[in-house]
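**Q** Here you go, this is entry_4.cif (mmCIF, C-alpha atoms and all ligand atoms).
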```
data_data
loop_
_atom_site.group_PDB
_atom_site.id
_atom_site.type_symbol
_atom_site.label_atom_id
_atom_site.label_comp_id
_atom_site.auth_asym_id
_atom_site.auth_seq_id
_atom_site.Cartn_x
_atom_site.Cartn_y
_atom_site.Cartn_z
ATOM 1 C CA MET A 9 -28.784 -21.702 -36.437
ATOM 2 C CA ARG A 10 -28.504 -22.373 -32.760
ATOM 3 C CA ILE A 11 -26.259 -24.444 -30.533
ATOM 4 C CA LYS A 12 -27.782 -27.690 -29.371
ATOM 5 C CA ARG A 13 -24.914 -29.599 -27.817
ATOM 6 C CA LEU A 14 -21.277 -29.194 -26.855
ATOM 7 C CA ASP A 15 -19.171 -32.276 -26.269
ATOM 8 C CA ILE A 16 -15.728 -31.756 -24.704
ATOM 9 C CA THR A 17 -13.042 -34.380 -24.047
ATOM 10 C CA GLY A 18 -9.480 -33.668 -22.963
ATOM 11 C CA PHE A 19 -9.822 -29.936 -23.625
ATOM 12 C CA LYS A 20 -8.226 -27.709 -20.955
ATOM 13 C CA SER A 21 -9.669 -28.614 -17.524
ATOM 14 C CA PHE A 22 -12.164 -31.124 -18.996
ATOM 15 C CA MET A 23 -10.238 -34.360 -18.690
ATOM 16 C CA GLU A 24 -13.329 -36.535 -18.749
ATOM 17 C CA ARG A 25 -15.903 -36.272 -21.474
ATOM 18 C CA SER A 26 -18.398 -33.534 -20.602
ATOM 19 C CA VAL A 27 -21.599 -32.903 -22.525
ATOM 20 C CA PHE A 28 -23.534 -29.627 -22.353
ATOM 21 C CA THR A 29 -26.977 -29.254 -23.873
ATOM 22 C CA PHE A 30 -28.427 -25.883 -24.746
ATOM 23 C CA ASP A 31 -32.098 -24.998 -24.825
ATOM 24 C CA GLU A 32 -33.640 -22.098 -26.666
ATOM 25 C CA GLY A 33 -33.031 -18.690 -25.166
ATOM 26 C CA VAL A 34 -30.176 -17.534 -23.025
ATOM 27 C CA THR A 35 -27.790 -19.976 -21.355
ATOM 28 C CA GLY A 36 -25.755 -18.971 -18.347
ATOM 29 C CA ILE A 37 -22.686 -20.813 -17.076
ATOM 30 C CA VAL A 38 -22.165 -20.324 -13.376
ATOM 31 C CA GLY A 39 -19.692 -21.721 -10.872
ATOM 32 C CA PRO A 40 -16.843 -20.804 -8.548
ATOM 33 C CA ASN A 41 -13.658 -19.137 -9.771
ATOM 34 C CA GLY A 42 -11.447 -21.444 -11.772
ATOM 35 C CA CYS A 43 -14.081 -24.149 -12.278
ATOM 36 C CA GLY A 44 -13.850 -23.938 -16.084
ATOM 37 C CA LYS A 45 -16.584 -21.519 -17.202
ATOM 38 C CA SER A 46 -14.332 -19.613 -19.577
ATOM 39 C CA ASN A 47 -12.888 -22.928 -20.802
ATOM 40 C CA VAL A 48 -16.369 -23.803 -22.086
ATOM 41 C CA VAL A 49 -16.417 -20.622 -24.158
ATOM 42 C CA ASP A 50 -12.848 -21.334 -25.319
ATOM 43 C CA ALA A 51 -13.981 -24.798 -26.457
ATOM 44 C CA ILE A 52 -16.787 -23.285 -28.553
ATOM 45 C CA ARG A 53 -14.425 -20.805 -30.137
ATOM 46 C CA TRP A 54 -11.763 -23.459 -30.734
ATOM 47 C CA VAL A 55 -14.048 -25.969 -32.451
ATOM 48 C CA MET A 56 -15.212 -23.240 -34.813
ATOM 49 C CA GLY A 57 -11.640 -22.814 -35.989
ATOM 50 C CA GLU A 58 -9.870 -20.325 -33.737
ATOM 51 C CA GLN A 59 -6.193 -20.342 -34.740
ATOM 52 C CA SER A 60 -4.819 -17.941 -32.153
ATOM 53 C CA ALA A 61 -3.641 -19.572 -28.914
ATOM 54 C CA LYS A 62 -3.656 -16.126 -27.346
ATOM 55 C CA ASN A 63 -7.383 -15.746 -28.010
ATOM 56 C CA LEU A 64 -7.771 -19.025 -26.145
ATOM 57 C CA ARG A 65 -5.717 -17.675 -23.267
ATOM 58 C CA GLY A 66 -2.756 -19.950 -23.930
ATOM 59 C CA ARG A 67 0.850 -19.605 -25.121
ATOM 60 C CA GLY A 68 0.759 -22.360 -27.726
ATOM 61 C CA MET A 69 -2.089 -24.359 -29.218
ATOM 62 C CA GLU A 70 -1.001 -27.472 -27.270
ATOM 63 C CA ASP A 71 -2.081 -25.618 -24.109
ATOM 64 C CA VAL A 72 -5.674 -26.578 -24.914
ATOM 65 C CA ILE A 73 -4.900 -30.264 -24.288
ATOM 66 C CA PHE A 74 -5.534 -31.404 -20.703
ATOM 67 C CA ASN A 75 -2.092 -31.199 -19.124
ATOM 68 C CA GLY A 76 -2.723 -33.221 -15.988
ATOM 69 C CA SER A 77 -3.679 -32.422 -12.449
ATOM 70 C CA GLU A 78 -2.514 -33.569 -9.021
ATOM 71 C CA ASN A 79 -3.512 -37.189 -9.574
ATOM 72 C CA LYS A 80 -4.336 -37.347 -13.304
ATOM 73 C CA PRO A 81 -1.689 -37.667 -16.016
ATOM 74 C CA PRO A 82 -1.798 -35.382 -19.073
ATOM 75 C CA LEU A 83 -3.782 -36.539 -22.103
ATOM 76 C CA SER A 84 -2.491 -36.770 -25.651
ATOM 77 C CA MET A 85 -5.544 -35.422 -27.439
ATOM 78 C CA ALA A 86 -8.234 -32.770 -27.084
ATOM 79 C CA GLU A 87 -11.535 -33.194 -28.888
ATOM 80 C CA VAL A 88 -14.509 -30.853 -29.049
ATOM 81 C CA SER A 89 -17.757 -31.302 -30.993
ATOM 82 C CA LEU A 90 -20.432 -28.679 -31.396
ATOM 83 C CA THR A 91 -23.878 -29.497 -32.763
ATOM 84 C CA PHE A 92 -26.143 -26.871 -34.296
ATOM 85 C CA ILE A 93 -29.801 -27.019 -35.133
ATOM 86 C CA VAL A 94 -30.201 -25.587 -38.614
ATOM 87 C CA ASP A 95 -33.092 -23.213 -39.395
ATOM 88 C CA GLU A 96 -34.667 -22.864 -42.792
ATOM 89 C CA THR A 97 -33.407 -19.306 -42.941
ATOM 90 C CA ASP A 98 -29.747 -20.359 -42.601
ATOM 91 C CA GLN A 99 -28.046 -19.943 -45.932
ATOM 92 C CA LEU A 100 -25.734 -22.919 -45.752
ATOM 93 C CA SER A 101 -23.481 -23.986 -48.616
ATOM 94 C CA PRO A 102 -25.263 -26.294 -51.060
ATOM 95 C CA GLN A 103 -23.625 -29.466 -49.711
ATOM 96 C CA TYR A 104 -25.178 -28.920 -46.284
ATOM 97 C CA GLN A 105 -28.602 -27.792 -47.384
ATOM 98 C CA GLY A 106 -31.380 -30.053 -46.190
ATOM 99 C CA PHE A 107 -29.548 -31.013 -42.994
ATOM 100 C CA SER A 108 -31.515 -30.365 -39.822
ATOM 101 C CA GLU A 109 -28.366 -30.577 -37.702
ATOM 102 C CA VAL A 110 -24.698 -29.960 -38.315
ATOM 103 C CA THR A 111 -21.898 -31.173 -36.041
ATOM 104 C CA VAL A 112 -18.400 -29.784 -36.303
ATOM 105 C CA THR A 113 -15.503 -31.540 -34.573
ATOM 106 C CA ARG A 114 -11.904 -30.558 -33.988
ATOM 107 C CA ARG A 115 -9.112 -32.728 -32.607
ATOM 108 C CA LEU A 116 -5.583 -31.818 -31.659
ATOM 109 C CA PHE A 117 -2.877 -34.312 -30.799
ATOM 110 C CA ARG A 118 0.211 -33.530 -28.765
ATOM 111 C CA ASN A 119 2.434 -34.268 -31.767
ATOM 112 C CA GLY A 120 0.780 -31.295 -33.477
ATOM 113 C CA ASP A 121 -1.553 -33.215 -35.797
ATOM 114 C CA SER A 122 -5.040 -31.845 -36.031
ATOM 115 C CA GLU A 123 -8.303 -32.955 -37.578
ATOM 116 C CA TYR A 124 -11.493 -31.160 -38.526
ATOM 117 C CA LEU A 125 -14.774 -32.932 -39.238
ATOM 118 C CA ILE A 126 -18.233 -31.914 -40.355
ATOM 119 C CA ASN A 127 -20.909 -34.503 -39.569
ATOM 120 C CA LYS A 128 -18.142 -37.016 -38.774
ATOM 121 C CA THR A 129 -16.502 -36.643 -42.190
ATOM 122 C CA GLN A 130 -12.986 -35.229 -42.294
ATOM 123 C CA CYS A 131 -12.722 -31.834 -43.898
ATOM 124 C CA ARG A 132 -10.466 -28.803 -44.109
ATOM 125 C CA LEU A 133 -10.447 -25.886 -41.710
ATOM 126 C CA LEU A 134 -11.635 -23.814 -44.667
ATOM 127 C CA ASP A 135 -14.796 -25.935 -44.934
ATOM 128 C CA ILE A 136 -15.623 -25.148 -41.301
ATOM 129 C CA THR A 137 -14.981 -21.431 -41.762
ATOM 130 C CA GLU A 138 -17.111 -21.416 -44.913
ATOM 131 C CA LEU A 139 -19.908 -23.300 -43.193
ATOM 132 C CA PHE A 140 -20.314 -20.480 -40.694
ATOM 133 C CA LEU A 141 -19.800 -17.497 -43.005
ATOM 134 C CA GLY A 142 -22.858 -15.312 -43.037
ATOM 135 C CA THR A 143 -24.556 -17.213 -40.237
ATOM 136 C CA GLY A 144 -23.371 -14.896 -37.473
ATOM 137 C CA VAL A 145 -21.582 -17.859 -35.923
ATOM 138 C CA GLY A 146 -17.813 -18.211 -36.079
ATOM 139 C CA THR A 147 -14.609 -17.283 -34.331
ATOM 140 C CA LYS A 148 -14.712 -13.611 -35.268
ATOM 141 C CA ALA A 149 -18.467 -13.287 -35.484
ATOM 142 C CA TYR A 150 -20.722 -11.477 -33.097
ATOM 143 C CA SER A 151 -22.317 -14.587 -31.620
ATOM 144 C CA ILE A 152 -19.771 -14.812 -28.822
ATOM 145 C CA ILE A 153 -19.507 -11.504 -27.029
ATOM 146 C CA GLU A 154 -17.298 -11.836 -24.021
ATOM 147 C CA GLN A 155 -16.432 -9.452 -21.234
ATOM 148 C CA GLY A 156 -15.031 -6.214 -22.553
ATOM 149 C CA ARG A 157 -16.151 -6.761 -26.130
ATOM 150 C CA VAL A 158 -19.256 -4.578 -25.915
ATOM 151 C CA GLY A 159 -17.143 -1.563 -25.041
ATOM 152 C CA LEU A 160 -14.721 -2.495 -27.800
ATOM 153 C CA ILE A 161 -17.507 -2.566 -30.401
ATOM 154 C CA VAL A 162 -18.881 0.792 -29.313
ATOM 155 C CA SER A 163 -15.465 2.439 -29.443
ATOM 156 C CA SER A 164 -14.157 0.575 -32.515
ATOM 157 C CA LYS A 165 -13.024 2.199 -35.765
ATOM 158 C CA PRO A 166 -15.803 2.640 -38.347
ATOM 159 C CA GLU A 167 -14.166 0.001 -40.642
ATOM 160 C CA ASP A 168 -14.210 -2.591 -37.880
ATOM 161 C CA ARG A 169 -17.800 -1.852 -36.998
ATOM 162 C CA ARG A 170 -18.694 -2.088 -40.672
ATOM 163 C CA HIS A 171 -17.186 -5.592 -40.738
ATOM 164 C CA LEU A 172 -19.525 -6.603 -37.918
ATOM 165 C CA LEU A 173 -22.558 -5.191 -39.718
ATOM 166 C CA GLU A 174 -21.555 -6.875 -42.972
ATOM 167 C CA GLU A 175 -21.349 -10.224 -41.233
ATOM 168 C CA ALA A 176 -24.769 -9.645 -39.661
ATOM 169 C CA ALA A 177 -26.198 -8.721 -43.061
ATOM 170 C CA GLY A 178 -24.721 -11.840 -44.663
ATOM 171 C CA VAL A 179 -22.364 -9.966 -46.989
ATOM 172 C CA THR A 180 -19.088 -11.419 -45.693
ATOM 173 C CA LYS A 181 -19.661 -14.748 -47.369
ATOM 174 C CA TYR A 182 -19.820 -13.174 -50.819
ATOM 175 C CA LYS A 183 -16.822 -10.976 -50.153
ATOM 176 C CA ALA A 184 -14.777 -14.031 -49.121
ATOM 177 C CA ARG A 185 -15.845 -15.938 -52.226
ATOM 178 C CA ARG A 186 -14.978 -13.009 -54.487
ATOM 179 C CA LYS A 187 -11.542 -12.782 -52.886
ATOM 180 C CA ALA A 188 -11.019 -16.516 -53.424
ATOM 181 C CA ALA A 189 -12.124 -16.225 -57.069
ATOM 182 C CA GLU A 190 -9.795 -13.299 -57.693
ATOM 183 C CA ARG A 191 -6.864 -15.360 -56.406
ATOM 184 C CA LYS A 192 -7.523 -18.171 -58.876
HETATM 185 P P1 LIG A 201 -13.204 -17.290 -13.303
HETATM 186 O O1 LIG A 201 -14.504 -17.293 -12.554
HETATM 187 O O2 LIG A 201 -12.055 -16.905 -12.444
HETATM 188 O O3 LIG A 201 -13.268 -16.550 -14.606
HETATM 189 P P2 LIG A 201 -13.450 -19.785 -14.794
HETATM 190 O O4 LIG A 201 -14.560 -20.635 -14.261
HETATM 191 O O5 LIG A 201 -13.718 -18.998 -16.029
HETATM 192 O O6 LIG A 201 -12.900 -18.855 -13.630
HETATM 193 P P3 LIG A 201 -11.436 -21.078 -16.349
HETATM 194 O O7 LIG A 201 -10.529 -19.955 -16.708
HETATM 195 O O8 LIG A 201 -12.374 -21.554 -17.364
HETATM 196 O O9 LIG A 201 -12.196 -20.728 -14.992
HETATM 197 O O10 LIG A 201 -10.590 -22.337 -15.881
HETATM 198 C C1 LIG A 201 -9.361 -22.194 -15.272
HETATM 199 C C2 LIG A 201 -8.854 -23.574 -14.868
HETATM 200 O O11 LIG A 201 -8.617 -24.354 -16.031
HETATM 201 C C3 LIG A 201 -7.554 -23.450 -14.102
HETATM 202 O O12 LIG A 201 -7.674 -24.227 -12.934
HETATM 203 C C4 LIG A 201 -6.541 -24.060 -15.053
HETATM 204 O O13 LIG A 201 -5.544 -24.757 -14.358
HETATM 205 C C5 LIG A 201 -7.401 -25.028 -15.829
HETATM 206 N N1 LIG A 201 -6.771 -25.342 -17.119
HETATM 207 C C6 LIG A 201 -6.536 -24.511 -18.168
HETATM 208 N N2 LIG A 201 -5.898 -25.159 -19.164
HETATM 209 C C7 LIG A 201 -5.723 -26.427 -18.733
HETATM 210 C C8 LIG A 201 -5.115 -27.586 -19.288
HETATM 211 N N3 LIG A 201 -4.567 -27.583 -20.507
HETATM 212 N N4 LIG A 201 -5.122 -28.718 -18.549
HETATM 213 C C9 LIG A 201 -5.671 -28.744 -17.318
HETATM 214 N N5 LIG A 201 -6.249 -27.702 -16.729
HETATM 215 C C10 LIG A 201 -6.281 -26.545 -17.419
HETATM 216 MG MG MG A 202 -13.610 -16.951 -16.508
#
```
Take the structure from the file and write it as structure tokens.

**A**
Amino acid sequence: MRIKRLDITGFKSFMERSVFTFDEGVTGIVGPNGCGKSNVVDAIRWVMGEQSAKNLRGRGMEDVIFNGSENKPPLSMAEVSLTFIVDETDQLSPQYQGFSEVTVTRRLFRNGDSEYLINKTQCRLLDITELFLGTGVGTKAYSIIEQGRVGLIVSSKPEDRRHLLEEAAGVTKYKARRKAAERK
């Protein structure tokens, strides 16, 4: 699975719709301080289901909605879409098998309402989390390694490091399903 396109509207500093396309290999985001580089990474994390405002460098989740600038009024909704190219080796849930691309979308309105979509069809947050389990992609996965995280991994407790290895090996998905089955 790899990222093909990121589409941001009304999220943090991106008032106007901004589209980023990603080629194969490494992508670097460069620009002056405060131009929104970290906001791009926040958008990727958010659309994949991040629930902690703190992890998105905000106080509350509404902080991700564009809150106005000198001459632009605040917006009432943030929307981010992320499109992945699916590889044959990706073990997606049966309902998504056969798709060559998957797009996940998240919307948040100022009144607190939120929406999640997969390929433009409304779904639950759980469906998005499940979609990424075992793919190495996701809010807590190893696909986004930001500043400071490398050191954290090296010095982490053995249990935490094991979690990372289990996700890489594709075991997490089965563990999550077993947990869900045990609850039923
Ligand atoms: P640095 O190089 O210092 O790390 P950066 O390019 O990573 O900078 P970001 O942290 O992505 O910069 O962006 C910071 C900017 O985003 C600030 O100007 C901040 O005001 C703006 N910003 C954050 N949240 C919002 C919001 N909800 N509405 C409007 N602007 C926002
Ligand atoms: Mg930054």

**Q** Using the chain letters and residue numbers of this document, give as a ChimeraX atom specification the residues selected by the PyMOL selection byres (((chain A and resi 100) around 10) and not hetatm).

**A** /A:9,94-99,101-107,138-143

**Q** Which value, in Å to one decimal, gives the distance between atom CA of Lys181 of chain A and atom CA of Met56 of chain A?

**A** 15.8 Å

**Q** Return as a PDB file with C-alpha atoms, in the coordinates of the input the residues of protein, DNA or RNA that approach ligand MG 202 (chain A) to within 10 Å, with only C-alpha atoms and all ligand atoms taken into account.

**A**
```
ATOM      1  CA  ILE A  37     -22.686 -20.813 -17.076  1.00  0.00           C
ATOM      2  CA  VAL A  38     -22.165 -20.324 -13.376  1.00  0.00           C
ATOM      3  CA  GLY A  39     -19.692 -21.721 -10.872  1.00  0.00           C
ATOM      4  CA  PRO A  40     -16.843 -20.804  -8.548  1.00  0.00           C
ATOM      5  CA  ASN A  41     -13.658 -19.137  -9.771  1.00  0.00           C
ATOM      6  CA  GLY A  42     -11.447 -21.444 -11.772  1.00  0.00           C
ATOM      7  CA  CYS A  43     -14.081 -24.149 -12.278  1.00  0.00           C
ATOM      8  CA  GLY A  44     -13.850 -23.938 -16.084  1.00  0.00           C
ATOM      9  CA  LYS A  45     -16.584 -21.519 -17.202  1.00  0.00           C
ATOM     10  CA  SER A  46     -14.332 -19.613 -19.577  1.00  0.00           C
ATOM     11  CA  ASN A  47     -12.888 -22.928 -20.802  1.00  0.00           C
ATOM     12  CA  VAL A  48     -16.369 -23.803 -22.086  1.00  0.00           C
ATOM     13  CA  VAL A  49     -16.417 -20.622 -24.158  1.00  0.00           C
ATOM     14  CA  ASP A  50     -12.848 -21.334 -25.319  1.00  0.00           C
ATOM     15  CA  GLU A 154     -17.298 -11.836 -24.021  1.00  0.00           C
ATOM     16  CA  GLN A 155     -16.432  -9.452 -21.234  1.00  0.00           C
TER      17      GLN A 155
END
```

**Q** Write out as a PyMOL selection string the residues lying within 7 Å of segment 61-77 of chain A, counting all atoms listed in the file and excluding same-chain residues fewer than 6 positions away.

**A** chain A and resi 18-23+50+83+85-86+118

**Q** Edge lengths and centre in Å to one decimal, as JSON, is what I'm after for the box along x, y and z that holds all listed atoms of ligand LIG 201 (chain A) once 3 Å is added on each side.

**A**
```
{"center_x": -9.6, "center_y": -22.6, "center_z": -16.5, "size_x": 16.0, "size_y": 18.2, "size_z": 14.1}
```

**Q** Quick check, in Å to one decimal: how far apart do atom CA of Asp31 of chain A and atom CA of Ala51 of chain A lie?

**A**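 Computing it gives 18.2 Å between the two atoms.
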
**Q** Point out the residue among A:Leu172, A:Val179, A:Leu116, A:Ala189 with the least atom-to-atom distance to ligand LIG 201 (chain A), counting all atoms listed in the file.

**A**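 Checking each candidate against ligand LIG 201 (chain A), we get A:Leu116 as the closest.
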
**Q** So how far away is atom CA of Ile161 of chain A from atom CA of Glu175 of chain A, in Å?

**A**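 Separation between atom CA of Glu175 of chain A and atom CA of Ile161 of chain A: 13.8 Å.
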
**Q** Could you state which residues are captured by the PyMOL selection byres (((chain A and resi 11) around 10) and not hetatm) in this file, as a PDB file with C-alpha atoms, in the frame of the given file?

**A**
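Generated output (part09.pdb):
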```pdb
ATOM      1  CA  MET A   9     -28.784 -21.702 -36.437  1.00  0.00           C
ATOM      2  CA  ARG A  10     -28.504 -22.373 -32.760  1.00  0.00           C
ATOM      3  CA  LYS A  12     -27.782 -27.690 -29.371  1.00  0.00           C
ATOM      4  CA  ARG A  13     -24.914 -29.599 -27.817  1.00  0.00           C
ATOM      5  CA  LEU A  14     -21.277 -29.194 -26.855  1.00  0.00           C
ATOM      6  CA  THR A  29     -26.977 -29.254 -23.873  1.00  0.00           C
ATOM      7  CA  PHE A  30     -28.427 -25.883 -24.746  1.00  0.00           C
ATOM      8  CA  ASP A  31     -32.098 -24.998 -24.825  1.00  0.00           C
ATOM      9  CA  GLU A  32     -33.640 -22.098 -26.666  1.00  0.00           C
ATOM     10  CA  ILE A  52     -16.787 -23.285 -28.553  1.00  0.00           C
ATOM     11  CA  LEU A  90     -20.432 -28.679 -31.396  1.00  0.00           C
ATOM     12  CA  THR A  91     -23.878 -29.497 -32.763  1.00  0.00           C
ATOM     13  CA  PHE A  92     -26.143 -26.871 -34.296  1.00  0.00           C
ATOM     14  CA  ILE A  93     -29.801 -27.019 -35.133  1.00  0.00           C
ATOM     15  CA  VAL A  94     -30.201 -25.587 -38.614  1.00  0.00           C
ATOM     16  CA  GLU A 109     -28.366 -30.577 -37.702  1.00  0.00           C
ATOM     17  CA  VAL A 110     -24.698 -29.960 -38.315  1.00  0.00           C
ATOM     18  CA  THR A 111     -21.898 -31.173 -36.041  1.00  0.00           C
ATOM     19  CA  VAL A 145     -21.582 -17.859 -35.923  1.00  0.00           C
TER      20      VAL A 145
END
```

**Q** In terms of the shortest atom-to-atom distance over all atoms listed in the file, which of A:Val27, A:Asp15, A:Asn79, A:Thr137 is closest to ligand LIG 201 (chain A)?

**A**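 Closest candidate: A:Asn79.
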
**Q** Let me make sure I understand: among A:Arg53, A:Ser89, A:Ser108, A:Tyr182, which one has the smallest atom-to-atom distance to Lys128 of chain A if we use all atoms listed in the file?

**A** A:Ser89

**Q** Quick one: residues within 6 Å of Thr17 of chain A, only C-alpha atoms, excluding same-chain residues fewer than 4 positions away - as a CSV table (one decimal) with C-alpha atoms, in the coordinates of the input?

**A**
```csv
chain,number,residue,atom,x,y,z
A,24,GLU,CA,-13.3,-36.5,-18.7
A,25,ARG,CA,-15.9,-36.3,-21.5
A,86,ALA,CA,-8.2,-32.8,-27.1
A,87,GLU,CA,-11.5,-33.2,-28.9
```

**Q** Nearest residue to ligand LIG 201 (chain A) out of A:Ser84, A:Val112, A:Gly178, A:Asn127, using all atoms listed in the file?

**A**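 Using all atoms listed in the file, the shortest distance to ligand LIG 201 (chain A) belongs to A:Ser84.
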
**Q** Tell me which of A:Ser60, A:Ile16, A:Glu167, A:Lys80 sits closest to ligand LIG 201 (chain A), counting only C-alpha atoms and all ligand atoms.

**A**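 So, comparing all the options, the nearest one is A:Lys80.
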
**Q** List the neighbours of Gly57 of chain A out to 9 Å using all atoms listed in the file; skip same-chain residues closer than 2 positions along the sequence, and give me the result as a count of residues only.

**A** 12

**Q** Go through A:Val88, A:Ala177, A:Val162, A:Val34 and flag the residue nearest Leu125 of chain A, using only C-alpha atoms for the distances.

**A** A:Val88

**Q** Limit the output to C-alpha atoms and give segment 57-105 of chain A as a CSV table (one decimal), in the first residue's frame.

**A**
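And here's result-v7.csv as it stands now:
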```
chain,number,residue,atom,x,y,z
A,57,GLY,CA,-8.5,8.1,12.6
A,58,GLU,CA,-6.3,9.9,15.1
A,59,GLN,CA,-8.6,10.6,18.1
A,60,SER,CA,-6.1,12.5,20.3
A,61,ALA,CA,-6.1,16.3,19.7
A,62,LYS,CA,-2.8,16.4,21.6
A,63,ASN,CA,-1.2,14.1,19.1
A,64,LEU,CA,-2.4,16.7,16.5
A,65,ARG,CA,-0.8,19.5,18.5
A,66,GLY,CA,-4.2,21.0,19.5
A,67,ARG,CA,-6.2,21.4,22.7
A,68,GLY,CA,-9.5,20.1,21.3
A,69,MET,CA,-10.4,18.4,18.1
A,70,GLU,CA,-12.1,21.5,16.7
A,71,ASP,CA,-8.6,23.1,16.6
A,72,VAL,CA,-8.0,21.2,13.3
A,73,ILE,CA,-10.7,23.3,11.5
A,74,PHE,CA,-9.3,26.4,9.8
A,75,ASN,CA,-9.9,29.2,12.4
A,76,GLY,CA,-9.4,32.2,10.2
A,77,SER,CA,-6.5,34.5,9.5
A,78,GLU,CA,-6.0,38.2,9.2
A,79,ASN,CA,-8.4,38.6,6.3
A,80,LYS,CA,-10.1,35.2,6.1
A,81,PRO,CA,-13.0,34.2,8.3
A,82,PRO,CA,-13.0,30.8,10.1
A,83,LEU,CA,-14.5,27.8,8.2
A,84,SER,CA,-17.1,25.5,9.6
A,85,MET,CA,-15.7,22.2,8.3
A,86,ALA,CA,-12.4,20.4,7.8
A,87,GLU,CA,-12.1,17.7,5.3
A,88,VAL,CA,-9.2,15.4,4.4
A,89,SER,CA,-9.0,12.6,1.9
A,90,LEU,CA,-6.1,10.2,1.5
A,91,THR,CA,-5.8,7.9,-1.5
A,92,PHE,CA,-3.8,4.7,-1.4
A,93,ILE,CA,-2.6,2.5,-4.2
A,94,VAL,CA,-3.3,-1.1,-3.2
A,95,ASP,CA,-0.6,-3.8,-3.8
A,96,GLU,CA,-1.5,-7.4,-4.4
A,97,THR,CA,0.4,-8.2,-1.2
A,98,ASP,CA,-1.9,-6.0,1.0
A,99,GLN,CA,-4.1,-8.2,3.0
A,100,LEU,CA,-7.2,-6.0,3.0
A,101,SER,CA,-10.6,-7.1,4.5
A,102,PRO,CA,-12.7,-9.1,2.0
A,103,GLN,CA,-15.0,-6.2,1.1
A,104,TYR,CA,-12.0,-4.2,-0.2
A,105,GLN,CA,-10.2,-6.9,-2.0
```
